[in-house]
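Visitor: I have a structure I would like to understand better, so I am pasting it below and will then ask my questions one at a time.
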Amino acid sequence: PMEDDSRYFNIEFNSNACVFFGFSGGSDSIMRQIPENDILDFFKPNIIKNKDSWEIFYELPFYLIRRYFKSFDVFEGKKIRANCFKCSDNSNPPHYLSWNLVECEPFTFHKPECFGLMTFIK
């Protein structure tokens, strides 16, 4: 969320709203975070299941970002580095999708240098 800071959040959901909320200190290790309240209260996930698919909508509140990045500010036009992924490694056949191209060996989604820019708009 901060320019020139390689730390990032790792938020993962499955189709049953089970969530992994992690934080990377800029290395290959991601530490699981246990919020004080129920984690679903932070993200407020809304899952829509169809016959052959599902989709999720959730929130990442600014106050939660500021717990980790004290000077985080939001304004129209602000850019943050991020990526979005869909992973299905236990399906047949396994498949993966990313919003921004990930090119690295060995392959991992945890490469901030492969994140793209997202812009806040009204």
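Chain identifiers are assigned as A, B, and so on, following the order in which chains appear in the structure tokens; residues are numbered from 1 within each chain, and ligands are numbered from 1 in order of appearance.
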For range 71-85 of chain A, work out the shell of residues within 10 Å, counting only C-alpha atoms and skipping chain neighbours fewer than 5 positions away, then give it as a PyMOL selection string.
Guide: chain A and resi 1-6+8-12+62-63+65-66+96-102+109-122
Visitor: Quick one: DSSP alpha helix (DSSP H) residues in range 23-99 of chain A, as a PyMOL selection string?
Guide: chain A and resi 39-43+62-68
Visitor: I need the residues from that last selection saved to file as a tab-separated table (two decimals), in the first residue's frame (with C-alpha atoms), if you can.
Guide:
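Final output, saved to part.tsv:
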chain	number	residue	atom	x	y	z
A	39	ILE	CA	-11.78	-11.66	10.87
A	40	LEU	CA	-14.97	-11.80	8.78
A	41	ASP	CA	-16.11	-8.58	10.49
A	42	PHE	CA	-13.13	-6.84	8.86
A	43	PHE	CA	-13.64	-8.12	5.33
A	62	PHE	CA	-8.54	1.73	5.42
A	63	TYR	CA	-8.26	1.58	9.22
A	64	LEU	CA	-6.92	-1.98	8.93
A	65	ILE	CA	-4.29	-0.86	6.40
A	66	ARG	CA	-3.30	1.98	8.77
A	67	ARG	CA	-2.61	-0.54	11.56
A	68	TYR	CA	0.37	-1.66	9.48
Visitor: Go through chain A and collect every residue that DSSP, computed from the backbone, puts in strand (DSSP E); the answer should be as JSON, numbers by chain.
Guide: {"A": [8, 9, 10, 11, 12, 13, 19, 20, 21, 22, 23, 24, 30, 31, 32, 46, 47, 48, 49, 54, 55, 56, 57, 79, 80, 81, 82, 85, 86, 87, 88, 95, 96, 97, 98, 116, 117, 118, 119]}
Visitor: Do you know which residues are at most 7 Å from Pro45 in chain A counting only C-alpha atoms, after dropping those on the same chain fewer than 2 positions away, and could you put them as a ChimeraX atom specification?
Guide: /A:17,40,43,47,56-58
Visitor: For the selection just defined, write its residues with C-alpha atoms to a file, as a CSV table (one decimal), in the first residue's frame.
Guide:
chain,number,residue,atom,x,y,z
A,17,ALA,CA,-15.5,-17.6,3.1
A,40,LEU,CA,-15.0,-11.8,8.8
A,43,PHE,CA,-13.6,-8.1,5.3
A,47,ILE,CA,-20.0,-14.9,-1.9
A,56,ILE,CA,-16.5,-13.0,-4.0
A,57,PHE,CA,-16.8,-9.4,-3.0
A,58,TYR,CA,-15.1,-8.2,0.2
Visitor: From the list A:Pro106, A:Phe69, A:Ser53, A:Lys44, which residue is nearest Phe23 in chain A when using only C-alpha atoms?
Guide: A:Phe69
Visitor: Which residues, written as an MDAnalysis selection string, have at least one atom at most 12 Å from Asp38 in chain A, with only C-alpha atoms counted and residues fewer than 6 positions away on the same chain left out?
Guide: chainID A and resid 18:19 21 44
Visitor: Produce a file of the selected residues containing all heavy atoms, as a compact mmCIF listing (two decimals), in the first residue's frame.
Guide:
# COMPACT_ATOMS: atom_id res chain seq x y z
N CYS A 18 -13.76 -19.07 4.05
CA CYS A 18 -12.61 -19.28 4.93
C CYS A 18 -11.52 -18.35 4.43
O CYS A 18 -11.25 -18.29 3.23
CB CYS A 18 -12.13 -20.72 4.89
SG CYS A 18 -13.30 -21.87 5.62
N VAL A 19 -10.88 -17.66 5.36
CA VAL A 19 -9.93 -16.62 4.95
C VAL A 19 -8.56 -16.86 5.58
O VAL A 19 -8.47 -17.32 6.72
CB VAL A 19 -10.47 -15.21 5.29
CG1 VAL A 19 -10.65 -15.04 6.79
CG2 VAL A 19 -9.57 -14.13 4.73
N PHE A 21 -5.39 -14.38 6.27
CA PHE A 21 -4.95 -12.99 6.24
C PHE A 21 -3.50 -12.97 6.70
O PHE A 21 -3.20 -13.28 7.84
CB PHE A 21 -5.83 -12.14 7.16
CG PHE A 21 -5.38 -10.70 7.27
CD1 PHE A 21 -5.13 -9.94 6.15
CD2 PHE A 21 -5.23 -10.12 8.51
CE1 PHE A 21 -4.73 -8.62 6.24
CE2 PHE A 21 -4.83 -8.79 8.62
CZ PHE A 21 -4.58 -8.05 7.50
N LYS A 44 -16.03 -8.54 5.60
CA LYS A 44 -17.44 -8.61 5.20
C LYS A 44 -17.62 -9.30 3.83
O LYS A 44 -18.17 -8.72 2.89
CB LYS A 44 -18.05 -7.21 5.15
CG LYS A 44 -18.06 -6.50 6.49
CD LYS A 44 -18.63 -5.10 6.35
CE LYS A 44 -18.68 -4.34 7.64
NZ LYS A 44 -17.47 -4.20 8.37
